[in-house]
Structures are given as C-alpha cells and as structure tokens.
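Structure file my_file.cif (mmCIF, N, CA and C atoms) follows.
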data_work
#
loop_
_atom_site.label_atom_id
_atom_site.label_comp_id
_atom_site.auth_asym_id
_atom_site.auth_seq_id
_atom_site.Cartn_x
_atom_site.Cartn_y
_atom_site.Cartn_z
N MET A 20 96.97 116.40 82.30
CA MET A 20 96.92 115.77 83.60
C MET A 20 98.31 115.21 83.91
N ALA A 21 98.88 115.62 85.02
CA ALA A 21 100.22 115.18 85.40
C ALA A 21 100.21 113.74 85.90
N PHE A 22 101.23 113.03 85.53
CA PHE A 22 101.38 111.63 85.95
C PHE A 22 102.30 111.58 87.17
N ASN A 23 101.85 110.96 88.24
CA ASN A 23 102.64 110.80 89.45
C ASN A 23 102.97 109.32 89.59
N GLN A 24 104.20 108.95 89.27
CA GLN A 24 104.59 107.55 89.31
C GLN A 24 104.65 107.00 90.73
N TYR A 25 104.87 107.87 91.70
CA TYR A 25 105.01 107.41 93.09
C TYR A 25 104.06 108.18 94.01
N PRO A 26 102.73 108.01 93.83
CA PRO A 26 101.80 108.73 94.71
C PRO A 26 101.94 108.25 96.15
N LYS A 27 101.67 109.17 97.06
CA LYS A 27 101.82 108.83 98.47
C LYS A 27 100.73 109.52 99.27
N ILE A 28 100.21 108.82 100.25
CA ILE A 28 99.26 109.40 101.19
C ILE A 28 99.75 109.09 102.60
N LYS A 29 99.21 109.80 103.56
CA LYS A 29 99.47 109.49 104.96
C LYS A 29 98.13 109.30 105.63
N LEU A 30 97.96 108.16 106.29
CA LEU A 30 96.72 107.85 107.00
C LEU A 30 96.93 108.13 108.48
N LYS A 31 95.98 108.86 109.05
CA LYS A 31 96.08 109.25 110.46
C LYS A 31 94.86 108.73 111.21
N HIS A 32 95.11 108.09 112.35
CA HIS A 32 94.05 107.59 113.22
C HIS A 32 93.47 108.76 114.01
N LEU A 33 92.13 108.93 113.96
CA LEU A 33 91.48 110.03 114.66
C LEU A 33 90.71 109.56 115.89
N ASP A 34 90.03 108.43 115.77
CA ASP A 34 89.21 107.89 116.86
C ASP A 34 89.06 106.40 116.60
N THR A 35 88.34 105.69 117.44
CA THR A 35 88.23 104.24 117.36
C THR A 35 88.01 103.74 115.95
N PHE A 36 87.02 104.28 115.25
CA PHE A 36 86.69 103.83 113.90
C PHE A 36 86.84 104.94 112.86
N GLU A 37 87.64 105.96 113.16
CA GLU A 37 87.78 107.11 112.26
C GLU A 37 89.24 107.33 111.87
N TYR A 38 89.41 107.64 110.57
CA TYR A 38 90.74 107.91 110.03
C TYR A 38 90.65 109.08 109.06
N GLU A 39 91.79 109.64 108.76
CA GLU A 39 91.87 110.69 107.76
C GLU A 39 93.07 110.39 106.87
N SER A 40 92.84 110.46 105.58
CA SER A 40 93.91 110.26 104.61
C SER A 40 94.26 111.62 104.01
N VAL A 41 95.56 111.92 103.94
CA VAL A 41 96.02 113.19 103.40
C VAL A 41 97.03 112.90 102.30
N ASN A 42 96.81 113.53 101.13
CA ASN A 42 97.79 113.35 100.06
C ASN A 42 98.88 114.41 100.15
N GLU A 43 99.83 114.35 99.23
CA GLU A 43 100.97 115.27 99.28
C GLU A 43 100.58 116.72 99.02
N SER A 44 99.41 116.96 98.44
CA SER A 44 98.91 118.32 98.21
C SER A 44 98.12 118.85 99.40
N GLY A 45 97.90 118.00 100.41
CA GLY A 45 97.16 118.41 101.60
C GLY A 45 95.67 118.16 101.53
N ASN A 46 95.18 117.51 100.47
CA ASN A 46 93.77 117.17 100.35
C ASN A 46 93.45 116.02 101.28
N THR A 47 92.29 116.09 101.93
CA THR A 47 91.94 115.07 102.92
C THR A 47 90.68 114.30 102.52
N VAL A 48 90.62 113.07 103.00
CA VAL A 48 89.47 112.20 102.84
C VAL A 48 89.18 111.60 104.21
N LYS A 49 87.92 111.68 104.63
CA LYS A 49 87.51 111.08 105.90
C LYS A 49 87.12 109.63 105.66
N ILE A 50 87.57 108.76 106.53
CA ILE A 50 87.31 107.33 106.43
C ILE A 50 86.79 106.85 107.79
N ASP A 51 85.75 106.03 107.76
CA ASP A 51 85.30 105.45 109.03
C ASP A 51 84.64 104.10 108.79
N MET A 52 84.46 103.40 109.88
CA MET A 52 83.85 102.06 109.84
C MET A 52 82.57 102.03 110.68
N TYR A 53 81.88 103.17 110.78
CA TYR A 53 80.64 103.24 111.55
C TYR A 53 79.48 102.62 110.78
N ASP A 54 78.41 102.31 111.50
CA ASP A 54 77.17 101.87 110.88
C ASP A 54 76.62 103.02 110.03
N PRO A 55 75.80 102.72 109.02
CA PRO A 55 75.30 103.76 108.12
C PRO A 55 74.69 104.99 108.80
N GLU A 56 73.98 104.78 109.89
CA GLU A 56 73.33 105.92 110.54
C GLU A 56 74.31 106.86 111.25
N ASN A 57 75.55 106.40 111.46
CA ASN A 57 76.56 107.23 112.14
C ASN A 57 77.73 107.61 111.24
N LYS A 58 77.62 107.37 109.94
CA LYS A 58 78.72 107.61 109.01
C LYS A 58 79.13 109.07 108.96
N LYS A 59 80.45 109.29 108.93
CA LYS A 59 81.02 110.63 108.74
C LYS A 59 81.89 110.66 107.47
N GLY A 60 82.22 109.48 106.99
CA GLY A 60 83.07 109.37 105.81
C GLY A 60 82.76 108.07 105.10
N GLN A 61 83.61 107.73 104.15
CA GLN A 61 83.44 106.48 103.42
C GLN A 61 84.28 105.38 104.07
N SER A 62 83.84 104.14 103.88
CA SER A 62 84.62 103.00 104.36
C SER A 62 85.71 102.70 103.33
N PRO A 63 86.71 101.91 103.69
CA PRO A 63 87.75 101.56 102.72
C PRO A 63 87.19 100.91 101.45
N THR A 64 86.19 100.04 101.58
CA THR A 64 85.64 99.41 100.38
C THR A 64 84.85 100.42 99.54
N GLU A 65 84.18 101.37 100.18
CA GLU A 65 83.50 102.43 99.43
C GLU A 65 84.52 103.30 98.70
N LEU A 66 85.65 103.54 99.34
CA LEU A 66 86.71 104.32 98.69
C LEU A 66 87.27 103.60 97.47
N LEU A 67 87.34 102.28 97.54
CA LEU A 67 87.80 101.51 96.38
C LEU A 67 86.81 101.68 95.22
N LEU A 68 85.51 101.61 95.51
CA LEU A 68 84.51 101.84 94.48
C LEU A 68 84.60 103.27 93.94
N THR A 69 84.82 104.23 94.84
CA THR A 69 84.98 105.62 94.43
C THR A 69 86.19 105.79 93.53
N ALA A 70 87.30 105.15 93.89
CA ALA A 70 88.52 105.24 93.08
C ALA A 70 88.30 104.66 91.69
N LEU A 71 87.64 103.52 91.62
CA LEU A 71 87.37 102.87 90.33
C LEU A 71 86.45 103.74 89.48
N ALA A 72 85.38 104.26 90.06
CA ALA A 72 84.44 105.09 89.31
C ALA A 72 85.09 106.39 88.85
N SER A 73 85.83 107.05 89.73
CA SER A 73 86.42 108.33 89.36
C SER A 73 87.54 108.17 88.34
N CYS A 74 88.32 107.12 88.46
CA CYS A 74 89.38 106.84 87.49
C CYS A 74 88.76 106.62 86.11
N SER A 75 87.69 105.87 86.05
CA SER A 75 87.00 105.61 84.79
C SER A 75 86.34 106.87 84.24
N ALA A 76 85.74 107.66 85.11
CA ALA A 76 85.02 108.86 84.69
C ALA A 76 85.94 109.86 83.99
N VAL A 77 87.11 110.07 84.54
CA VAL A 77 88.03 111.06 83.99
C VAL A 77 88.30 110.78 82.51
N ASP A 78 88.61 109.54 82.19
CA ASP A 78 88.96 109.20 80.81
C ASP A 78 87.73 109.17 79.90
N VAL A 79 86.60 108.68 80.37
CA VAL A 79 85.39 108.66 79.54
C VAL A 79 84.98 110.09 79.18
N VAL A 80 84.96 110.97 80.16
CA VAL A 80 84.59 112.37 79.90
C VAL A 80 85.58 113.01 78.92
N GLU A 81 86.86 112.75 79.11
CA GLU A 81 87.87 113.31 78.21
C GLU A 81 87.66 112.83 76.77
N ILE A 82 87.39 111.55 76.59
CA ILE A 82 87.16 110.99 75.25
C ILE A 82 85.90 111.61 74.62
N LEU A 83 84.82 111.70 75.38
CA LEU A 83 83.59 112.28 74.85
C LEU A 83 83.78 113.75 74.47
N ASN A 84 84.52 114.47 75.28
CA ASN A 84 84.80 115.88 74.97
C ASN A 84 85.65 116.00 73.70
N LYS A 85 86.66 115.14 73.55
CA LYS A 85 87.50 115.18 72.34
C LYS A 85 86.69 114.86 71.10
N ARG A 86 85.66 114.05 71.24
CA ARG A 86 84.78 113.70 70.10
C ARG A 86 83.68 114.73 69.91
N ARG A 87 83.75 115.81 70.69
CA ARG A 87 82.79 116.92 70.61
C ARG A 87 81.35 116.46 70.85
N LYS A 88 81.21 115.53 71.78
CA LYS A 88 79.88 115.06 72.17
C LYS A 88 79.35 115.99 73.26
N THR A 89 78.05 116.24 73.23
CA THR A 89 77.44 117.09 74.25
C THR A 89 76.65 116.21 75.21
N PHE A 90 76.81 116.50 76.48
CA PHE A 90 76.11 115.71 77.50
C PHE A 90 76.04 116.49 78.80
N THR A 91 75.10 116.07 79.63
CA THR A 91 74.96 116.63 80.98
C THR A 91 74.68 115.46 81.93
N ASP A 92 74.70 115.76 83.19
CA ASP A 92 74.33 114.80 84.23
C ASP A 92 75.10 113.48 84.14
N PHE A 93 76.38 113.56 83.84
CA PHE A 93 77.21 112.36 83.79
C PHE A 93 77.39 111.82 85.20
N SER A 94 77.21 110.53 85.37
CA SER A 94 77.45 109.90 86.67
C SER A 94 77.80 108.43 86.47
N ILE A 95 78.41 107.87 87.49
CA ILE A 95 78.70 106.43 87.50
C ILE A 95 78.24 105.91 88.86
N GLU A 96 77.43 104.88 88.82
CA GLU A 96 77.06 104.17 90.05
C GLU A 96 77.90 102.91 90.10
N ALA A 97 78.61 102.71 91.18
CA ALA A 97 79.44 101.50 91.35
C ALA A 97 78.80 100.65 92.43
N LYS A 98 78.46 99.42 92.08
CA LYS A 98 77.84 98.48 93.02
C LYS A 98 78.80 97.32 93.23
N GLY A 99 79.21 97.13 94.46
CA GLY A 99 80.11 96.03 94.78
C GLY A 99 79.37 94.82 95.31
N HIS A 100 79.83 93.65 94.92
CA HIS A 100 79.28 92.38 95.40
C HIS A 100 80.43 91.64 96.08
N ARG A 101 80.37 91.58 97.42
CA ARG A 101 81.48 91.04 98.21
C ARG A 101 81.26 89.59 98.63
N ARG A 102 82.37 88.90 98.85
CA ARG A 102 82.32 87.56 99.42
C ARG A 102 81.78 87.64 100.84
N GLU A 103 81.15 86.58 101.29
CA GLU A 103 80.66 86.57 102.67
C GLU A 103 81.76 86.18 103.66
N GLU A 104 82.72 85.37 103.22
CA GLU A 104 83.79 84.95 104.12
C GLU A 104 85.02 85.86 103.94
N HIS A 105 85.87 85.84 104.94
CA HIS A 105 87.09 86.66 104.91
C HIS A 105 88.12 86.02 103.99
N PRO A 106 88.88 86.80 103.28
CA PRO A 106 88.75 88.24 103.12
C PRO A 106 87.55 88.58 102.25
N ARG A 107 86.81 89.59 102.62
CA ARG A 107 85.55 89.94 101.95
C ARG A 107 85.79 90.88 100.76
N TYR A 108 86.60 90.43 99.84
CA TYR A 108 86.88 91.25 98.66
C TYR A 108 85.70 91.25 97.70
N PHE A 109 85.73 92.16 96.75
CA PHE A 109 84.67 92.23 95.75
C PHE A 109 84.87 91.12 94.74
N GLU A 110 83.87 90.26 94.61
CA GLU A 110 83.89 89.24 93.57
C GLU A 110 83.45 89.86 92.24
N ARG A 111 82.56 90.84 92.34
CA ARG A 111 82.05 91.51 91.14
C ARG A 111 81.77 92.97 91.47
N ILE A 112 82.04 93.82 90.49
CA ILE A 112 81.70 95.24 90.60
C ILE A 112 80.95 95.62 89.34
N ASP A 113 79.77 96.22 89.51
CA ASP A 113 79.00 96.73 88.39
C ASP A 113 79.20 98.23 88.31
N LEU A 114 79.62 98.72 87.15
CA LEU A 114 79.75 100.15 86.91
C LEU A 114 78.65 100.55 85.93
N ILE A 115 77.78 101.45 86.37
CA ILE A 115 76.66 101.90 85.55
C ILE A 115 76.92 103.35 85.16
N PHE A 116 77.30 103.56 83.91
CA PHE A 116 77.60 104.88 83.36
C PHE A 116 76.28 105.48 82.87
N SER A 117 75.96 106.69 83.33
CA SER A 117 74.71 107.34 82.93
C SER A 117 74.99 108.79 82.53
N LEU A 118 74.23 109.25 81.54
CA LEU A 118 74.31 110.65 81.15
C LEU A 118 73.10 111.02 80.32
N LYS A 119 72.90 112.32 80.14
CA LYS A 119 71.85 112.83 79.25
C LYS A 119 72.54 113.36 78.01
N SER A 120 72.02 112.98 76.84
CA SER A 120 72.60 113.45 75.59
C SER A 120 71.66 113.19 74.43
N ASP A 121 71.76 114.07 73.44
CA ASP A 121 71.02 113.88 72.20
C ASP A 121 71.92 113.34 71.09
N ASN A 122 73.24 113.29 71.34
CA ASN A 122 74.13 112.82 70.27
C ASN A 122 75.11 111.73 70.71
N ILE A 123 74.75 111.01 71.77
CA ILE A 123 75.52 109.85 72.20
C ILE A 123 74.55 108.69 72.37
N THR A 124 74.88 107.55 71.79
CA THR A 124 74.03 106.37 71.95
C THR A 124 74.53 105.53 73.12
N GLU A 125 73.67 104.65 73.64
CA GLU A 125 74.10 103.75 74.71
C GLU A 125 75.24 102.87 74.24
N GLU A 126 75.19 102.43 72.98
CA GLU A 126 76.26 101.57 72.44
C GLU A 126 77.59 102.31 72.43
N GLU A 127 77.56 103.59 72.05
CA GLU A 127 78.78 104.39 72.01
C GLU A 127 79.35 104.60 73.42
N LEU A 128 78.48 104.94 74.36
CA LEU A 128 78.93 105.12 75.74
C LEU A 128 79.48 103.82 76.30
N LEU A 129 78.80 102.72 76.05
CA LEU A 129 79.25 101.42 76.52
C LEU A 129 80.62 101.08 75.93
N LYS A 130 80.81 101.32 74.65
CA LYS A 130 82.08 101.04 73.99
C LYS A 130 83.22 101.86 74.61
N GLN A 131 82.99 103.15 74.82
CA GLN A 131 84.01 104.02 75.42
C GLN A 131 84.31 103.61 76.86
N ALA A 132 83.26 103.30 77.61
CA ALA A 132 83.44 102.91 79.02
C ALA A 132 84.23 101.61 79.12
N LYS A 133 83.89 100.62 78.28
CA LYS A 133 84.63 99.36 78.30
C LYS A 133 86.09 99.56 77.94
N MET A 134 86.35 100.37 76.92
CA MET A 134 87.73 100.63 76.51
C MET A 134 88.52 101.28 77.65
N VAL A 135 87.91 102.25 78.30
CA VAL A 135 88.59 102.94 79.40
C VAL A 135 88.89 101.97 80.55
N VAL A 136 87.91 101.20 80.96
CA VAL A 136 88.09 100.29 82.09
C VAL A 136 89.12 99.20 81.75
N GLU A 137 89.09 98.70 80.53
CA GLU A 137 90.00 97.62 80.15
C GLU A 137 91.41 98.09 79.80
N LYS A 138 91.54 99.34 79.34
CA LYS A 138 92.83 99.77 78.80
C LYS A 138 93.51 100.91 79.58
N TYR A 139 92.73 101.85 80.10
CA TYR A 139 93.32 103.07 80.65
C TYR A 139 93.24 103.24 82.16
N CYS A 140 92.22 102.73 82.79
CA CYS A 140 92.01 102.97 84.22
C CYS A 140 92.95 102.11 85.06
N SER A 141 93.92 102.74 85.71
CA SER A 141 94.89 101.99 86.50
C SER A 141 94.25 101.33 87.72
N VAL A 142 93.20 101.92 88.26
CA VAL A 142 92.51 101.30 89.40
C VAL A 142 91.86 99.99 88.94
N ALA A 143 91.21 100.02 87.79
CA ALA A 143 90.60 98.80 87.26
C ALA A 143 91.65 97.73 87.01
N SER A 144 92.82 98.13 86.54
CA SER A 144 93.90 97.16 86.31
C SER A 144 94.32 96.47 87.60
N ASN A 145 94.27 97.20 88.71
CA ASN A 145 94.61 96.61 90.00
C ASN A 145 93.51 95.73 90.55
N VAL A 146 92.27 96.06 90.22
CA VAL A 146 91.10 95.36 90.77
C VAL A 146 90.73 94.12 89.97
N ASN A 147 90.85 94.19 88.65
CA ASN A 147 90.27 93.14 87.82
C ASN A 147 90.97 91.79 87.90
N SER A 148 92.08 91.70 88.58
CA SER A 148 92.71 90.39 88.76
C SER A 148 91.96 89.53 89.78
N VAL A 149 91.16 90.18 90.65
CA VAL A 149 90.39 89.43 91.64
C VAL A 149 88.88 89.68 91.54
N SER A 150 88.48 90.70 90.78
CA SER A 150 87.07 91.07 90.69
C SER A 150 86.64 91.17 89.24
N GLU A 151 85.48 90.63 88.96
CA GLU A 151 84.87 90.80 87.64
C GLU A 151 84.27 92.20 87.60
N ILE A 152 84.53 92.95 86.54
CA ILE A 152 83.98 94.30 86.40
C ILE A 152 82.98 94.28 85.25
N ASN A 153 81.71 94.52 85.56
CA ASN A 153 80.65 94.59 84.55
C ASN A 153 80.36 96.06 84.27
N ILE A 154 80.15 96.37 83.00
CA ILE A 154 79.92 97.76 82.60
C ILE A 154 78.57 97.86 81.90
N LEU A 155 77.77 98.82 82.36
CA LEU A 155 76.46 99.09 81.77
C LEU A 155 76.39 100.56 81.41
N ALA A 156 75.55 100.89 80.43
CA ALA A 156 75.40 102.28 80.01
C ALA A 156 73.93 102.64 79.91
N LYS A 157 73.61 103.87 80.35
CA LYS A 157 72.24 104.37 80.27
C LYS A 157 72.28 105.80 79.73
N ILE A 158 71.47 106.05 78.70
CA ILE A 158 71.38 107.38 78.12
C ILE A 158 69.94 107.86 78.26
N SER A 159 69.79 109.11 78.65
CA SER A 159 68.47 109.73 78.62
C SER A 159 68.61 111.05 77.87
N SER A 160 67.50 111.53 77.35
CA SER A 160 67.56 112.79 76.61
C SER A 160 66.65 113.84 77.20
#

Let me see whether you can do it: turn the structure in this file into structure tokens.
Amino acid sequence: MAFNQYPKIKLKHLDTFEYESVNESGNTVKIDMYDPENKKGQSPTELLLTALASCSAVDVVEILNKRRKTFTDFSIEAKGHRREEHPRYFERIDLIFSLKSDNITEEELLKQAKMVVEKYCSVASNVNSVSEINILAKISS
C-alpha cells in the first residue's frame, strides 16, 4: 500500500446541500446535508465515521490475513455520539468489529482491533484527541 504524505482532494459545490469530493486519482464521493428520506450521499460526519472504520478495517484484515486466519462477512459498524451544542463533534465513537470465523476468538479480534486503532490508524489518531473511541468485537461461526 503506497503512502501519500500529502493527500489532496477538491470539493465542488453542486447544489444547495450537495457537494462532490474528488481525489487526485479522480475517484468521487457524494456529500449532502439532506434529511434521511432525501439522501443522495453521506454527510460530513458520516464520512468521518466511514474514514475511521475503513482505516481500521484495512489494517485489521491485513493482520488477520498475515496470521493465516480464515473469516468471512467482515464488517465494522461505527456509531457516533455527538454533543448537542455547537460544535457538535463526536464525544464518543463505538466501533463494532464483526466477522464469521471458526479460528478467531472475540478476544483475538478485540486485541487486534484495539492495537490497530491505538497504533496504526491515522484517522483514529486525529479523532481520539477529542473523541473517546470504544472498540467491541463480535464473532459468529
């Protein structure tokens, strides 16, 4: 995985509550601030949860693969708990790591997930100075 020390995106205004983010490779993400029934993309706070979950997922999956663990249905649910007053930042974020496996225990998954979030995930490093990050693990077989 290539390291980009100076990542850059360009945000473009599309409509009153709609934006598009484009990275240097031309990949796009739709962003909007519509009510749930009119959503076309994710909100900025949803994107932050997405960034945290995906950053964590990449390293957890890589570690499990290096340890020759077998699993399917890997997912992370990120639940944000925001302040009611402005600025409405996340006071707490719960990351729930889930997968199906016959050779991974919940304790092992929890240990790997905590290590990744605390040591390797750059998004978590940016977030955890203002938000508590709780990590949970669920295994099914």

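Compared by their closest atoms to Lys98 in chain A, and using only N, CA and C atoms, the residues A:Asn84, A:Ser75, A:Leu68, A:Ser62 rank with A:Leu68 nearest.
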
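In this comparison, which uses all atoms listed in the file, the residue of A:Ala21, A:Pro106, A:Asp51, A:Ala132 approaching Glu39 in chain A most closely is A:Asp51.
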
- request: Give as a ChimeraX atom specification every residue, naming chains and numbers as the document does, that has an atom within 6.5 Å of (78.8, 97.9, 82.2), counting only N, CA and C atoms.
  value: /A:113-116,152-156

- request: Determine the residue set returned by the PyMOL selection byres ((chain A and resi 157) around 8) for the present structure, and present it as a list in words.
  value: Ile115, Phe116, Ser117, Leu118, Lys119, Ser120, Thr124, Glu125, Glu126, Leu128, Leu129, Ile154, Leu155, Ala156, Ile158, Ser159 and Ser160 of chain A

field: Computed interatomic separation between atom N of Val77 in chain A and CA of Glu110 in chain A (Å)
entry: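 For atom N of Val77 in chain A relative to CA of Glu110 in chain A, the distance reads 22.9 Å.
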
Selection: 6 Å around range 22-30 of chain A, only N, CA and C atoms, excl. self and same-chain fewer than 5 positions, as an mmCIF file with N, CA and C atoms, in the coordinates of the input:
data_model
loop_
_atom_site.group_PDB
_atom_site.id
_atom_site.type_symbol
_atom_site.label_atom_id
_atom_site.label_comp_id
_atom_site.auth_asym_id
_atom_site.auth_seq_id
_atom_site.Cartn_x
_atom_site.Cartn_y
_atom_site.Cartn_z
ATOM 1 N N GLU A 39 91.790 109.640 108.760
ATOM 2 C CA GLU A 39 91.870 110.690 107.760
ATOM 3 C C GLU A 39 93.070 110.390 106.870
ATOM 4 N N SER A 40 92.840 110.460 105.580
ATOM 5 C CA SER A 40 93.910 110.260 104.610
ATOM 6 C C SER A 40 94.260 111.620 104.010
ATOM 7 N N VAL A 41 95.560 111.920 103.940
ATOM 8 C CA VAL A 41 96.020 113.190 103.400
ATOM 9 C C VAL A 41 97.030 112.900 102.300
ATOM 10 N N ASN A 42 96.810 113.530 101.130
ATOM 11 C CA ASN A 42 97.790 113.350 100.060
ATOM 12 C C ASN A 42 98.880 114.410 100.150
ATOM 13 N N GLU A 43 99.830 114.350 99.230
ATOM 14 C CA GLU A 43 100.970 115.270 99.280
ATOM 15 C C GLU A 43 100.580 116.720 99.020
#

Residue list (alpha helix (DSSP H), DSSP) for chain A, as a ChimeraX atom specification: /A:63-85,125-134,141-146

Leu71 in chain A surroundings by only N, CA and C atoms, 8 Å radius, close-in-sequence under 2 positions cut, as a ChimeraX atom specification: /A:65-69,73-76,97,140-143

Write to file, as a compact mmCIF listing (two decimals), in the frame of the given file, the residues of the selection just made, with N, CA and C atoms.
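Wrote it out as again_27.txt, contents follow:
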# COMPACT_ATOMS: atom_id res chain seq x y z
N GLU A 65 84.18 101.37 100.18
CA GLU A 65 83.50 102.43 99.43
C GLU A 65 84.52 103.30 98.70
N LEU A 66 85.65 103.54 99.34
CA LEU A 66 86.71 104.32 98.69
C LEU A 66 87.27 103.60 97.47
N LEU A 67 87.34 102.28 97.54
CA LEU A 67 87.80 101.51 96.38
C LEU A 67 86.81 101.68 95.22
N LEU A 68 85.51 101.61 95.51
CA LEU A 68 84.51 101.84 94.48
C LEU A 68 84.60 103.27 93.94
N THR A 69 84.82 104.23 94.84
CA THR A 69 84.98 105.62 94.43
C THR A 69 86.19 105.79 93.53
N SER A 73 85.83 107.05 89.73
CA SER A 73 86.42 108.33 89.36
C SER A 73 87.54 108.17 88.34
N CYS A 74 88.32 107.12 88.46
CA CYS A 74 89.38 106.84 87.49
C CYS A 74 88.76 106.62 86.11
N SER A 75 87.69 105.87 86.05
CA SER A 75 87.00 105.61 84.79
C SER A 75 86.34 106.87 84.24
N ALA A 76 85.74 107.66 85.11
CA ALA A 76 85.02 108.86 84.69
C ALA A 76 85.94 109.86 83.99
N ALA A 97 78.61 102.71 91.18
CA ALA A 97 79.44 101.50 91.35
C ALA A 97 78.80 100.65 92.43
N CYS A 140 92.22 102.73 82.79
CA CYS A 140 92.01 102.97 84.22
C CYS A 140 92.95 102.11 85.06
N SER A 141 93.92 102.74 85.71
CA SER A 141 94.89 101.99 86.50
C SER A 141 94.25 101.33 87.72
N VAL A 142 93.20 101.92 88.26
CA VAL A 142 92.51 101.30 89.40
C VAL A 142 91.86 99.99 88.94
N ALA A 143 91.21 100.02 87.79
CA ALA A 143 90.60 98.80 87.26
C ALA A 143 91.65 97.73 87.01

message: If I take atom C of His100 in chain A and atom N of Pro55 in chain A, how far is one from the other in Å, to one decimal?
response: 17.7 Å

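Nearest residue to Val80 in chain A among A:Arg111, A:Glu104, A:Gln131, A:Leu33 is A:Gln131, counting only C-alpha atoms.
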
field: Separation of CA of Val146 in chain A from CA of Lys58 in chain A, in Å and rounded to one decimal
entry: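 Computing it gives 25.2 Å between the two atoms.
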
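Comparing the minimum interatomic distances between Phe36 in chain A and each of A:Glu81, A:Val48, A:Phe90, A:Tyr53, counting only N, CA and C atoms, we find that A:Tyr53 sits nearest.
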
- request: Write out as a ChimeraX atom specification all residues of range 43-114 of chain A that backbone DSSP assigns to strand (DSSP E).
  value: /A:47-51,91-101,109-114

message: Running the PyMOL selection byres ((chain A and resi 61) around 5) on this model by hand, what would come out? Give it as an NGL selection string.
response: :A and (49-51 or 59-60 or 62-63)

- prompt: In terms of the shortest atom-to-atom distance over only N, CA and C atoms, which of A:Tyr139, A:Phe109, A:Tyr38, A:Phe93 is closest to Met52 in chain A?
  reply: A:Tyr38
